[in-house]
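Next up, target-v4.tsv (TSV, C-alpha atoms):
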chain	number	residue	atom	x	y	z
P	203	MET	CA	-0.87	-7.44	-9.81
P	204	GLY	CA	2.56	-6.01	-10.22
P	205	ASN	CA	2.41	-6.47	-13.99
P	206	ILE	CA	1.88	-4.33	-17.06
P	207	GLY	CA	-1.66	-4.98	-18.27
P	208	ASP	CA	-3.41	-5.85	-15.03
P	209	SER	CA	-6.52	-7.98	-15.09
P	210	ILE	CA	-9.80	-6.26	-14.22
P	211	ASP	CA	-12.26	-7.25	-11.50
P	212	LEU	CA	-15.58	-6.26	-13.08
P	213	LYS	CA	-17.35	-5.84	-9.74
P	214	ARG	CA	-14.72	-3.85	-7.86
P	215	ASP	CA	-12.75	-1.96	-10.53
P	216	LEU	CA	-13.54	1.09	-12.63
P	217	VAL	CA	-11.62	1.54	-15.87
P	218	LEU	CA	-10.99	4.52	-18.11
P	219	GLU	CA	-9.18	3.71	-21.36
P	220	ARG	CA	-8.38	6.07	-24.23
P	221	SER	CA	-5.92	6.53	-27.03
P	222	VAL	CA	-4.08	9.82	-26.63
P	223	GLU	CA	-2.01	11.64	-29.26
P	224	LEU	CA	0.91	12.27	-26.95
P	225	PRO	CA	4.04	10.13	-26.56
P	226	THR	CA	4.33	7.94	-23.46
P	227	ASP	CA	7.18	10.03	-22.03
P	228	VAL	CA	5.01	13.16	-22.16
P	229	MET	CA	2.15	11.29	-20.45
P	230	TRP	CA	4.61	10.04	-17.83
P	231	ALA	CA	5.86	13.58	-17.17
P	232	ALA	CA	2.26	14.76	-16.86
P	233	TRP	CA	1.66	12.26	-14.04
P	234	THR	CA	5.01	12.33	-12.24
P	235	LYS	CA	6.04	15.99	-12.10
P	236	ALA	CA	4.10	18.04	-9.55
P	237	GLU	CA	4.31	21.19	-11.70
P	238	ASN	CA	2.43	19.35	-14.44
P	239	LEU	CA	0.05	17.36	-12.27
P	240	SER	CA	-1.20	20.48	-10.46
P	241	HIS	CA	-2.28	21.96	-13.81
P	242	TRP	CA	-4.67	19.20	-14.82
P	243	PHE	CA	-5.55	16.87	-11.93
P	244	ALA	CA	-8.63	18.77	-10.67
P	245	PRO	CA	-11.49	19.13	-13.15
P	246	LYS	CA	-12.09	22.87	-13.66
P	247	PRO	CA	-13.23	25.16	-12.15
P	248	TRP	CA	-11.42	23.42	-9.27
P	249	THR	CA	-7.66	23.79	-9.13
P	250	SER	CA	-5.02	21.86	-7.20
P	251	ARG	CA	-1.59	21.89	-5.70
P	252	CYS	CA	0.48	18.73	-5.41
P	253	SER	CA	3.33	17.30	-3.38
P	254	ILE	CA	4.51	14.00	-4.81
P	255	ASP	CA	7.56	11.79	-4.45
P	256	ILE	CA	7.57	9.19	-7.21
P	257	LYS	CA	9.06	6.16	-5.47
P	258	PRO	CA	7.47	3.32	-3.50
P	259	GLY	CA	6.49	4.72	-0.11
P	260	GLY	CA	6.64	8.31	-1.36
P	261	ALA	CA	3.87	10.81	-0.79
P	262	PHE	CA	1.13	11.35	-3.34
P	263	ASN	CA	-0.61	14.37	-1.86
P	264	VAL	CA	-3.03	16.60	-3.73
P	265	THR	CA	-5.08	19.47	-2.38
P	266	LEU	CA	-8.17	20.23	-4.46
P	267	ILE	CA	-9.25	23.87	-4.28
P	268	SER	CA	-12.81	24.93	-5.04
P	269	PRO	CA	-13.74	28.19	-6.81
P	270	THR	CA	-14.68	29.56	-3.36
P	271	ASN	CA	-11.30	28.47	-1.91
P	272	ASP	CA	-12.58	25.47	0.01
P	273	GLU	CA	-9.88	22.82	0.15
P	274	VAL	CA	-10.07	19.03	0.04
P	275	ASP	CA	-6.88	17.16	0.92
P	276	ILE	CA	-6.16	13.82	-0.73
P	277	GLU	CA	-3.26	12.14	1.05
P	278	GLY	CA	-1.89	9.10	-0.68
P	279	CYS	CA	1.17	6.92	-1.15
P	280	VAL	CA	3.07	5.81	-4.24
P	281	LEU	CA	3.20	2.01	-4.45
P	282	GLU	CA	4.82	0.99	-7.72
P	283	VAL	CA	6.84	2.81	-10.37
P	284	VAL	CA	7.79	1.31	-13.73
P	285	ASP	CA	9.49	4.20	-15.50
P	286	GLY	CA	7.39	5.57	-18.35
P	287	ARG	CA	4.90	2.71	-18.24
P	288	ARG	CA	3.17	2.21	-14.93
P	289	LEU	CA	2.40	4.21	-11.80
P	290	VAL	CA	0.41	2.85	-8.87
P	291	TRP	CA	-0.71	5.00	-5.94
P	292	THR	CA	-3.39	4.70	-3.30
P	293	CYS	CA	-5.29	6.86	-0.83
P	294	GLY	CA	-5.63	3.78	1.40
P	295	LEU	CA	-2.11	4.50	2.69
P	296	THR	CA	-0.15	7.69	3.28
P	297	GLU	CA	3.56	8.52	3.02
P	298	GLY	CA	5.81	5.73	4.29
P	299	PHE	CA	3.11	3.11	3.58
P	300	ARG	CA	1.23	4.20	6.74
P	301	PRO	CA	-2.48	3.22	6.81
P	302	ALA	CA	-4.72	6.21	6.12
P	303	PRO	CA	-7.02	7.31	8.94
P	304	SER	CA	-10.58	6.08	8.46
P	305	SER	CA	-12.89	8.82	7.29
P	306	ASP	CA	-16.34	9.79	8.60
P	307	ASP	CA	-17.11	11.45	5.27
P	308	PRO	CA	-19.74	9.34	3.45
P	309	MET	CA	-18.30	10.58	0.14
P	310	SER	CA	-14.85	9.24	1.00
P	311	VAL	CA	-14.02	6.22	-1.18
P	312	PRO	CA	-10.57	4.70	-0.67
P	313	PHE	CA	-9.17	3.44	-3.95
P	314	THR	CA	-5.94	2.45	-5.61
P	315	ALA	CA	-5.13	3.96	-9.01
P	316	VAL	CA	-3.15	1.95	-11.55
P	317	ILE	CA	-1.98	4.17	-14.42
P	318	GLU	CA	-0.81	2.21	-17.47
P	319	LEU	CA	0.86	3.73	-20.54
P	320	SER	CA	1.55	1.72	-23.71
P	321	PRO	CA	3.08	3.12	-26.90
P	322	GLU	CA	0.79	3.14	-29.95
P	323	ARG	CA	1.49	4.18	-33.54
P	324	ASP	CA	0.16	7.70	-32.98
P	325	GLY	CA	0.76	8.12	-29.31
P	326	THR	CA	-0.23	6.32	-26.14
P	327	LYS	CA	-2.85	3.86	-25.03
P	328	TYR	CA	-3.82	5.31	-21.64
P	329	ARG	CA	-5.55	3.17	-19.09
P	330	VAL	CA	-6.53	3.94	-15.51
P	331	ILE	CA	-7.83	1.22	-13.23
P	332	ALA	CA	-9.42	2.37	-9.96
P	333	ARG	CA	-9.51	-0.52	-7.50
P	334	HIS	CA	-11.95	-0.59	-4.58
P	335	ALA	CA	-12.37	-2.75	-1.51
P	336	ASP	CA	-15.82	-3.96	-2.51
P	337	GLU	CA	-18.67	-3.59	-4.99
P	338	GLU	CA	-20.44	-1.02	-2.81
P	339	SER	CA	-17.56	1.46	-2.80
P	340	CYS	CA	-16.96	0.84	-6.51
P	341	ILE	CA	-20.58	1.75	-7.33
P	342	LYS	CA	-20.35	4.80	-5.09
P	343	HIS	CA	-17.24	6.02	-6.92
P	344	ARG	CA	-18.92	5.36	-10.29
P	345	ASP	CA	-22.02	7.29	-9.25
P	346	MET	CA	-19.88	10.16	-7.95
P	347	GLY	CA	-18.81	10.56	-11.58
P	348	PHE	CA	-15.53	8.70	-11.90
P	349	HIS	CA	-15.61	8.43	-15.70
P	350	GLY	CA	-16.68	12.04	-16.30
P	351	GLY	CA	-14.22	13.44	-13.78
P	352	TRP	CA	-11.18	11.43	-14.85
P	353	GLY	CA	-12.11	11.97	-18.52
P	354	ALA	CA	-12.28	15.74	-18.02
P	355	ALA	CA	-8.97	15.65	-16.17
P	356	LEU	CA	-7.41	13.73	-19.08
P	357	ASP	CA	-8.67	16.40	-21.51
P	358	GLN	CA	-6.97	19.01	-19.29
P	359	LEU	CA	-3.79	16.92	-19.20
P	360	ILE	CA	-3.68	16.80	-23.00
P	361	GLU	CA	-4.36	20.52	-23.34
P	362	HIS	CA	-1.69	21.40	-20.76
P	363	MET	CA	0.99	19.09	-22.16
P	364	LYS	CA	0.38	20.15	-25.77
P	365	GLY	CA	0.98	23.73	-24.64
P	366	GLN	CA	4.36	22.87	-23.11
Q	68	MET	CA	10.35	5.69	3.88
Q	69	GLY	CA	11.59	3.28	1.33
Q	70	ASN	CA	14.98	3.08	3.03
Q	71	ILE	CA	16.88	0.67	5.20
Q	72	GLY	CA	16.74	2.01	8.74
Q	73	ASP	CA	13.44	3.89	8.69
Q	74	SER	CA	12.85	6.72	11.08
Q	75	ILE	CA	10.35	6.16	13.88
Q	76	ASP	CA	7.26	8.22	14.64
Q	77	LEU	CA	7.07	7.93	18.44
Q	78	LYS	CA	3.33	8.60	18.57
Q	79	ARG	CA	2.16	6.32	15.77
Q	80	ASP	CA	4.76	3.53	15.56
Q	81	LEU	CA	5.47	0.49	17.73
Q	82	VAL	CA	8.95	-1.02	17.58
Q	83	LEU	CA	10.34	-4.39	18.53
Q	84	GLU	CA	14.13	-4.67	18.26
Q	85	ARG	CA	16.30	-7.63	19.24
Q	86	SER	CA	19.62	-9.21	18.41
Q	87	VAL	CA	19.09	-12.76	17.17
Q	88	GLU	CA	21.72	-15.51	16.86
Q	89	LEU	CA	20.65	-16.49	13.37
Q	90	PRO	CA	22.13	-15.25	10.06
Q	91	THR	CA	20.13	-12.73	8.05
Q	92	ASP	CA	19.42	-15.25	5.26
Q	93	VAL	CA	17.81	-17.62	7.77
Q	94	MET	CA	15.71	-14.79	9.20
Q	95	TRP	CA	14.72	-13.83	5.66
Q	96	ALA	CA	13.67	-17.41	4.87
Q	97	ALA	CA	11.64	-17.49	8.09
Q	98	TRP	CA	9.63	-14.47	6.93
Q	99	THR	CA	9.34	-15.15	3.21
Q	100	LYS	CA	8.63	-18.88	2.86
Q	101	ALA	CA	5.07	-19.85	3.79
Q	102	GLU	CA	6.18	-23.25	5.11
Q	103	ASN	CA	8.35	-21.45	7.66
Q	104	LEU	CA	6.02	-18.55	8.44
Q	105	SER	CA	3.12	-20.87	9.26
Q	106	HIS	CA	5.23	-22.54	11.98
Q	107	TRP	CA	5.91	-19.44	14.05
Q	108	PHE	CA	3.67	-16.49	13.13
Q	109	ALA	CA	0.84	-17.25	15.58
Q	110	PRO	CA	1.79	-17.23	19.28
Q	111	LYS	CA	1.00	-20.68	20.68
Q	112	PRO	CA	-1.41	-22.28	21.40
Q	113	TRP	CA	-2.76	-20.63	18.22
Q	114	THR	CA	-1.50	-21.99	14.92
Q	115	SER	CA	-1.64	-20.55	11.41
Q	116	ARG	CA	-1.61	-21.26	7.72
Q	117	CYS	CA	-0.19	-18.79	5.23
Q	118	SER	CA	-0.46	-17.87	1.58
Q	119	ILE	CA	2.15	-15.31	0.60
Q	120	ASP	CA	3.65	-14.00	-2.62
Q	121	ILE	CA	6.78	-12.03	-1.85
Q	122	LYS	CA	6.67	-9.26	-4.45
Q	123	PRO	CA	5.10	-5.80	-4.41
Q	124	GLY	CA	1.34	-6.28	-4.85
Q	125	GLY	CA	1.52	-9.94	-3.80
Q	126	ALA	CA	-0.76	-11.44	-1.18
Q	127	PHE	CA	0.26	-11.62	2.47
Q	128	ASN	CA	-2.55	-13.76	3.85
Q	129	VAL	CA	-2.46	-15.53	7.19
Q	130	THR	CA	-5.24	-17.46	8.89
Q	131	LEU	CA	-4.84	-17.67	12.66
Q	132	ILE	CA	-6.40	-20.80	14.15
Q	133	SER	CA	-7.42	-20.94	17.82
Q	134	PRO	CA	-7.13	-24.07	20.01
Q	135	THR	CA	-10.90	-24.53	19.50
Q	136	ASN	CA	-10.55	-24.18	15.71
Q	137	ASP	CA	-11.92	-20.66	15.44
Q	138	GLU	CA	-10.27	-18.87	12.54
Q	139	VAL	CA	-9.21	-15.25	12.10
Q	140	ASP	CA	-8.20	-14.20	8.59
Q	141	ILE	CA	-5.58	-11.52	8.11
Q	142	GLU	CA	-5.52	-10.44	4.49
Q	143	GLY	CA	-2.64	-8.23	3.52
Q	144	CYS	CA	-0.43	-7.08	0.69
Q	145	VAL	CA	3.33	-7.07	0.21
Q	146	LEU	CA	4.61	-3.54	-0.46
Q	147	GLU	CA	8.40	-3.60	-0.60
Q	148	VAL	CA	11.03	-6.33	-0.88
Q	149	VAL	CA	14.77	-5.74	-0.48
Q	150	ASP	CA	16.18	-9.24	-0.69
Q	151	GLY	CA	17.50	-10.45	2.67
Q	152	ARG	CA	17.20	-7.03	4.30
Q	153	ARG	CA	13.74	-5.52	4.28
Q	154	LEU	CA	10.15	-6.67	3.90
Q	155	VAL	CA	7.16	-4.33	4.10
Q	156	TRP	CA	3.58	-5.55	4.15
Q	157	THR	CA	0.27	-4.09	5.27
Q	158	CYS	CA	-3.22	-5.20	6.20
Q	159	GLY	CA	-4.49	-1.81	4.97
Q	160	LEU	CA	-4.41	-3.22	1.42
Q	161	THR	CA	-5.05	-6.68	0.00
Q	162	GLU	CA	-3.57	-8.52	-3.00
Q	163	GLY	CA	-3.06	-6.27	-6.03
Q	164	PHE	CA	-2.78	-3.18	-3.79
Q	165	ARG	CA	-6.58	-3.15	-3.37
Q	166	PRO	CA	-7.84	-1.19	-0.32
Q	167	ALA	CA	-8.93	-3.54	2.48
Q	168	PRO	CA	-12.61	-3.47	3.42
Q	169	SER	CA	-13.26	-1.42	6.55
Q	170	SER	CA	-13.90	-3.59	9.57
Q	171	ASP	CA	-16.66	-3.35	12.18
Q	172	ASP	CA	-14.49	-5.26	14.64
Q	173	PRO	CA	-13.36	-2.86	17.40
Q	174	MET	CA	-10.22	-5.00	17.82
Q	175	SER	CA	-9.24	-4.51	14.19
Q	176	VAL	CA	-6.19	-2.27	13.90
Q	177	PRO	CA	-4.86	-1.68	10.40
Q	178	PHE	CA	-1.09	-1.43	10.41
Q	179	THR	CA	1.92	-1.66	8.14
Q	180	ALA	CA	4.80	-3.89	9.21
Q	181	VAL	CA	8.36	-2.96	8.26
Q	182	ILE	CA	10.74	-5.89	8.91
Q	183	GLU	CA	14.40	-4.87	8.90
Q	184	LEU	CA	17.35	-7.29	9.06
Q	185	SER	CA	20.95	-6.14	9.53
Q	186	PRO	CA	23.98	-8.41	9.84
Q	187	GLU	CA	25.74	-8.34	13.21
Q	188	ARG	CA	28.88	-10.12	14.38
Q	189	ASP	CA	26.92	-13.01	15.92
Q	190	GLY	CA	23.78	-12.94	13.84
Q	191	THR	CA	21.12	-10.41	12.97
Q	192	LYS	CA	19.78	-7.18	14.34
Q	193	TYR	CA	16.04	-7.71	13.94
Q	194	ARG	CA	13.70	-4.75	13.95
Q	195	VAL	CA	9.96	-4.61	13.35
Q	196	ILE	CA	8.19	-1.28	13.00
Q	197	ALA	CA	4.39	-1.39	13.12
Q	198	ARG	CA	2.98	1.80	11.61
Q	199	HIS	CA	-0.51	3.03	12.43
Q	200	ALA	CA	-2.80	5.71	11.06
Q	201	ASP	CA	-2.94	7.63	14.32
Q	202	GLU	CA	-1.99	7.65	18.00
Q	203	GLU	CA	-5.30	6.05	19.03
Q	204	SER	CA	-4.85	2.93	16.92
Q	205	CYS	CA	-1.19	2.72	17.95
Q	206	ILE	CA	-2.15	2.72	21.64
Q	207	LYS	CA	-4.86	0.14	20.96
Q	208	HIS	CA	-2.34	-2.18	19.27
Q	209	ARG	CA	0.13	-1.67	22.12
Q	210	ASP	CA	-2.54	-2.48	24.72
Q	211	MET	CA	-3.61	-5.56	22.76
Q	212	GLY	CA	-0.12	-6.87	23.51
Q	213	PHE	CA	1.96	-6.04	20.44
Q	214	HIS	CA	5.33	-6.42	22.18
Q	215	GLY	CA	4.45	-9.65	23.97
Q	216	GLY	CA	2.82	-11.22	20.94
Q	217	TRP	CA	5.51	-10.33	18.42
Q	218	GLY	CA	8.21	-11.21	20.95
Q	219	ALA	CA	6.67	-14.66	21.54
Q	220	ALA	CA	6.39	-15.16	17.78
Q	221	LEU	CA	10.07	-14.25	17.41
Q	222	ASP	CA	10.98	-16.85	20.04
Q	223	GLN	CA	9.00	-19.39	18.03
Q	224	LEU	CA	10.73	-18.28	14.82
Q	225	ILE	CA	14.15	-18.83	16.41
Q	226	GLU	CA	13.18	-22.23	17.79
Q	227	HIS	CA	11.73	-23.34	14.46
Q	228	MET	CA	14.62	-22.15	12.32
Q	229	LYS	CA	17.26	-23.61	14.66
Q	230	GLY	CA	15.52	-26.96	14.23
Q	231	GLN	CA	15.73	-26.79	10.43

Let's see the structure in the file written out as structure tokens.
Amino acid sequence: MGNIGDSIDLKRDLVLERSVELPTDVMWAAWTKAENLSHWFAPKPWTSRCSIDIKPGGAFNVTLISPTNDEVDIEGCVLEVVDGRRLVWTCGLTEGFRPAPSSDDPMSVPFTAVIELSPERDGTKYRVIARHADEESCIKHRDMGFHGGWGAALDQLIEHMKGQ
Amino acid sequence: MGNIGDSIDLKRDLVLERSVELPTDVMWAAWTKAENLSHWFAPKPWTSRCSIDIKPGGAFNVTLISPTNDEVDIEGCVLEVVDGRRLVWTCGLTEGFRPAPSSDDPMSVPFTAVIELSPERDGTKYRVIARHADEESCIKHRDMGFHGGWGAALDQLIEHMKGQ
């Protein structure tokens, strides 16, 4: 932990890794500026609005908005920031490192997201690690469509940032 | 958040503040070296052993041991380290910023501890803020004896470090 290139726990972590034809600084801006993040974070046809403060203890709050205007709030906390290379946030804590309230929602899966960016010849090696408390919540998140959802969001990120 | 001298949320935070006749570097060593922490963290007659790694994402693990050798494990994670001045850790996450498993124990109260040390003429202004998800868990922690327990532990800290 706390390093570039974290080790993976095969039973409790989900990983999405892709090579992306965008420079690391563009990928970093996509993740760390709310006006970018809100354009790609929610897989369409959902949209989102974001309030983020990219420093340890800062808020990482996203509201997902359904096509029928139902809203789902994700309240999280930024944990680690290595400029241009690594961003860690969690929905297990909220702003100011405060523990998140426990949820009655059976679809609620607390996780910590480690976003790693490494320069490659043609762009960026992009890796997301989603860390879970246990194997059960990891499987639940996988079966809820982690890879499809985060993959679709990455496609939206690329499309949005190429249009900048 | 993320600053020296955090603001207090009166409904969700518990605070212990005392002036201590020990220099800030001694107080820092008491909190950040396992061989010190294990001597004072558990109010007697309980004892403890500790495994801590004082960097963001590092483990903050303490096993409390009762007089009859029952053990209670507290697994936590270090969140923020400002050398000699500020230590933040939580039992809402475990090593590597991984969300902590939810507990069935009704006495389990996830919290984040902010330890602040400020130099004073004769020693150190010592302040602990315990942050909770909501008012209910804050009241539960208060009624479990937060102030008495952390106060007794501080007395033990002072006694141990004066004997060094």

Next on the checklist: When you look at Asp275 of chain P with a cut-off of 9 Å (counting all atoms listed in the file), what residues show up, excluding the ones that are within fewer than 6 positions of it in the same chain? I need them as a ChimeraX atom specification.
Outcome noted: /P:263-267

Can I have chain P aligned to chain Q? Use a least-squares fit on all Cα atoms paired in order and write it out as a short mmCIF file (atom, residue, chain, number, x, y, z; two decimals) with C-alpha atoms, keeping the file's coordinate frame.
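Contents of out15.cif, freshly written:
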data_model
loop_
_atom_site.label_atom_id
_atom_site.label_comp_id
_atom_site.auth_asym_id
_atom_site.auth_seq_id
_atom_site.Cartn_x
_atom_site.Cartn_y
_atom_site.Cartn_z
CA MET P 203 10.29 5.59 3.86
CA GLY P 204 11.61 3.23 1.28
CA ASN P 205 14.99 3.06 3.02
CA ILE P 206 16.89 0.65 5.22
CA GLY P 207 16.74 2.02 8.76
CA ASP P 208 13.44 3.88 8.70
CA SER P 209 12.85 6.74 11.09
CA ILE P 210 10.33 6.16 13.88
CA ASP P 211 7.25 8.23 14.65
CA LEU P 212 7.06 7.93 18.44
CA LYS P 213 3.32 8.59 18.57
CA ARG P 214 2.16 6.32 15.77
CA ASP P 215 4.76 3.53 15.56
CA LEU P 216 5.46 0.50 17.72
CA VAL P 217 8.94 -1.01 17.56
CA LEU P 218 10.34 -4.39 18.52
CA GLU P 219 14.12 -4.67 18.24
CA ARG P 220 16.31 -7.62 19.23
CA SER P 221 19.61 -9.21 18.40
CA VAL P 222 19.09 -12.76 17.17
CA GLU P 223 21.71 -15.50 16.85
CA LEU P 224 20.66 -16.50 13.36
CA PRO P 225 22.13 -15.26 10.07
CA THR P 226 20.12 -12.73 8.05
CA ASP P 227 19.42 -15.25 5.27
CA VAL P 228 17.82 -17.64 7.77
CA MET P 229 15.71 -14.79 9.20
CA TRP P 230 14.72 -13.83 5.65
CA ALA P 231 13.66 -17.41 4.87
CA ALA P 232 11.65 -17.49 8.10
CA TRP P 233 9.62 -14.47 6.93
CA THR P 234 9.34 -15.15 3.20
CA LYS P 235 8.62 -18.87 2.86
CA ALA P 236 5.06 -19.84 3.78
CA GLU P 237 6.17 -23.25 5.10
CA ASN P 238 8.34 -21.46 7.66
CA LEU P 239 6.04 -18.56 8.44
CA SER P 240 3.11 -20.86 9.26
CA HIS P 241 5.22 -22.54 11.96
CA TRP P 242 5.92 -19.44 14.04
CA PHE P 243 3.68 -16.50 13.11
CA ALA P 244 0.84 -17.24 15.58
CA PRO P 245 1.80 -17.23 19.26
CA LYS P 246 0.99 -20.69 20.66
CA PRO P 247 -1.41 -22.28 21.39
CA TRP P 248 -2.75 -20.64 18.21
CA THR P 249 -1.50 -21.99 14.91
CA SER P 250 -1.63 -20.56 11.40
CA ARG P 251 -1.61 -21.27 7.72
CA CYS P 252 -0.18 -18.79 5.23
CA SER P 253 -0.46 -17.87 1.57
CA ILE P 254 2.16 -15.31 0.61
CA ASP P 255 3.65 -13.99 -2.61
CA ILE P 256 6.79 -12.01 -1.84
CA LYS P 257 6.67 -9.25 -4.45
CA PRO P 258 5.09 -5.79 -4.42
CA GLY P 259 1.35 -6.27 -4.83
CA GLY P 260 1.53 -9.92 -3.79
CA ALA P 261 -0.75 -11.43 -1.18
CA PHE P 262 0.27 -11.63 2.46
CA ASN P 263 -2.54 -13.76 3.85
CA VAL P 264 -2.46 -15.53 7.19
CA THR P 265 -5.23 -17.45 8.88
CA LEU P 266 -4.83 -17.68 12.66
CA ILE P 267 -6.41 -20.80 14.15
CA SER P 268 -7.43 -20.96 17.80
CA PRO P 269 -7.13 -24.10 19.97
CA THR P 270 -10.90 -24.54 19.49
CA ASN P 271 -10.55 -24.19 15.69
CA ASP P 272 -11.92 -20.67 15.44
CA GLU P 273 -10.26 -18.87 12.55
CA VAL P 274 -9.20 -15.25 12.11
CA ASP P 275 -8.21 -14.20 8.59
CA ILE P 276 -5.56 -11.52 8.12
CA GLU P 277 -5.53 -10.42 4.49
CA GLY P 278 -2.64 -8.22 3.53
CA CYS P 279 -0.43 -7.07 0.68
CA VAL P 280 3.33 -7.07 0.20
CA LEU P 281 4.61 -3.55 -0.47
CA GLU P 282 8.39 -3.59 -0.61
CA VAL P 283 11.02 -6.32 -0.89
CA VAL P 284 14.75 -5.73 -0.48
CA ASP P 285 16.18 -9.24 -0.68
CA GLY P 286 17.49 -10.45 2.67
CA ARG P 287 17.19 -7.04 4.32
CA ARG P 288 13.74 -5.53 4.27
CA LEU P 289 10.14 -6.67 3.89
CA VAL P 290 7.16 -4.34 4.10
CA TRP P 291 3.56 -5.56 4.14
CA THR P 292 0.27 -4.09 5.26
CA CYS P 293 -3.23 -5.19 6.20
CA GLY P 294 -4.48 -1.80 4.97
CA LEU P 295 -4.43 -3.22 1.43
CA THR P 296 -5.05 -6.68 -0.01
CA GLU P 297 -3.59 -8.52 -3.00
CA GLY P 298 -3.06 -6.28 -6.03
CA PHE P 299 -2.78 -3.18 -3.79
CA ARG P 300 -6.59 -3.16 -3.36
CA PRO P 301 -7.84 -1.20 -0.31
CA ALA P 302 -8.93 -3.54 2.48
CA PRO P 303 -12.61 -3.47 3.43
CA SER P 304 -13.26 -1.41 6.56
CA SER P 305 -13.89 -3.57 9.58
CA ASP P 306 -16.66 -3.32 12.19
CA ASP P 307 -14.49 -5.26 14.64
CA PRO P 308 -13.35 -2.85 17.40
CA MET P 309 -10.22 -4.99 17.83
CA SER P 310 -9.25 -4.52 14.19
CA VAL P 311 -6.18 -2.26 13.91
CA PRO P 312 -4.86 -1.68 10.39
CA PHE P 313 -1.09 -1.43 10.41
CA THR P 314 1.91 -1.66 8.14
CA ALA P 315 4.80 -3.90 9.21
CA VAL P 316 8.36 -2.97 8.26
CA ILE P 317 10.73 -5.89 8.90
CA GLU P 318 14.41 -4.88 8.90
CA LEU P 319 17.34 -7.30 9.07
CA SER P 320 20.95 -6.13 9.53
CA PRO P 321 23.97 -8.42 9.85
CA GLU P 322 25.74 -8.34 13.23
CA ARG P 323 28.88 -10.13 14.40
CA ASP P 324 26.91 -13.00 15.92
CA GLY P 325 23.81 -12.93 13.83
CA THR P 326 21.13 -10.41 12.97
CA LYS P 327 19.79 -7.18 14.35
CA TYR P 328 16.04 -7.70 13.94
CA ARG P 329 13.70 -4.77 13.95
CA VAL P 330 9.97 -4.61 13.34
CA ILE P 331 8.19 -1.29 13.00
CA ALA P 332 4.38 -1.38 13.13
CA ARG P 333 2.98 1.80 11.61
CA HIS P 334 -0.53 3.04 12.44
CA ALA P 335 -2.80 5.72 11.06
CA ASP P 336 -2.94 7.64 14.33
CA GLU P 337 -1.99 7.64 18.00
CA GLU P 338 -5.30 6.07 19.02
CA SER P 339 -4.85 2.94 16.92
CA CYS P 340 -1.19 2.72 17.94
CA ILE P 341 -2.14 2.71 21.64
CA LYS P 342 -4.85 0.14 20.97
CA HIS P 343 -2.36 -2.17 19.27
CA ARG P 344 0.12 -1.67 22.13
CA ASP P 345 -2.54 -2.47 24.72
CA MET P 346 -3.62 -5.55 22.76
CA GLY P 347 -0.12 -6.84 23.51
CA PHE P 348 1.96 -6.03 20.45
CA HIS P 349 5.34 -6.41 22.17
CA GLY P 350 4.46 -9.64 24.00
CA GLY P 351 2.83 -11.20 20.96
CA TRP P 352 5.51 -10.31 18.42
CA GLY P 353 8.22 -11.20 20.97
CA ALA P 354 6.69 -14.64 21.55
CA ALA P 355 6.39 -15.14 17.80
CA LEU P 356 10.08 -14.25 17.40
CA ASP P 357 10.99 -16.85 20.05
CA GLN P 358 9.00 -19.40 18.02
CA LEU P 359 10.74 -18.28 14.83
CA ILE P 360 14.15 -18.85 16.41
CA GLU P 361 13.17 -22.24 17.80
CA HIS P 362 11.71 -23.36 14.45
CA MET P 363 14.62 -22.15 12.33
CA LYS P 364 17.26 -23.61 14.66
CA GLY P 365 15.53 -26.96 14.24
CA GLN P 366 15.75 -26.81 10.45
#

Might I get the box with edges along x, y and z of the file that holds all atoms of segment 331-336 of chain P listed there, padded by 5 Å on every side, given as centre and edge lengths in Å to one decimal, as AutoDock Vina command-line options?
--center_x -11.8 --center_y -0.8 --center_z -7.4 --size_x 18.0 --size_y 16.3 --size_z 21.7

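Residues from chain Q found within 8 Å of chain P are Met68, Gly69, Lys122, Pro123, Gly124, Gly125, Leu146, Glu147, Thr157, Gly159, Leu160, Glu162, Gly163, Phe164, Arg165, Pro166, Ala167, Pro168, Pro177, Phe178, Thr179, Arg198, His199, Ala200 and Asp201 of chain Q, counting all atoms listed in the file.
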
Next on the checklist: List as an NGL selection string the residues having at least one atom at most 8 Å from position (16.3, -5.2, 11.8) as given in the file, counting all atoms listed in the file.
Outcome noted: :Q and (72 or 84-85 or 152-153 or 182-185 or 191-195)

Checklist outcome for this item: atom CA of Pro247 of chain P sits from atom CA of Ala355 of chain P at a separation of 11.2 Å

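Pairwise distance (atom CA of Asp307 of chain P, atom CA of Phe127 of chain Q) equals 29.0 Å.
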
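The two atoms in question, atom CA of Thr91 of chain Q and atom CA of Trp217 of chain Q, are spaced 18.1 Å apart.
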
Item to check | Selected residue, from P:Met363, P:Arg344, P:Gly351, P:Ser268, that lies nearest to Leu216 of chain P when counting only C-alpha atoms | outcome: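 Checking each candidate against Leu216 of chain P, we get P:Arg344 as the closest.
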
Next on the checklist: Under the rule that all atoms listed in the file are counted, which of Q:Thr135, Q:Glu102, Q:Cys144, Q:Asp222 is the nearest residue to Asp120 of chain Q?
Outcome noted: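 That would be Q:Cys144, the residue with the smallest distance to Asp120 of chain Q.
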
Checklist entry - With only C-alpha atoms as the basis for distance, which of Q:Ile206, Q:Ile121, Q:Ala219, Q:Ile196 is at the shortest distance from Asp76 of chain Q? => result Q:Ile196

Checklist entry - So which residues fall inside 7 Å of (26.6, -13.6, 13.1) if we count all atoms listed in the file? Mind giving them as a list in words? => result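 Protein, DNA and RNA residues close to (26.6, -13.6, 13.1): Glu88, Leu89, Pro90, Pro186, Glu187, Arg188, Asp189, Gly190 and Thr191 of chain Q.
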
Checklist entry - What's the 8 Å shell around Asp92 of chain Q, counting all atoms listed in the file, without same-chain residues fewer than 3 positions away, as a list in words? => result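 Final neighbour list, sorted by chain and number: Trp95, Ala96 and Gly151 of chain Q.
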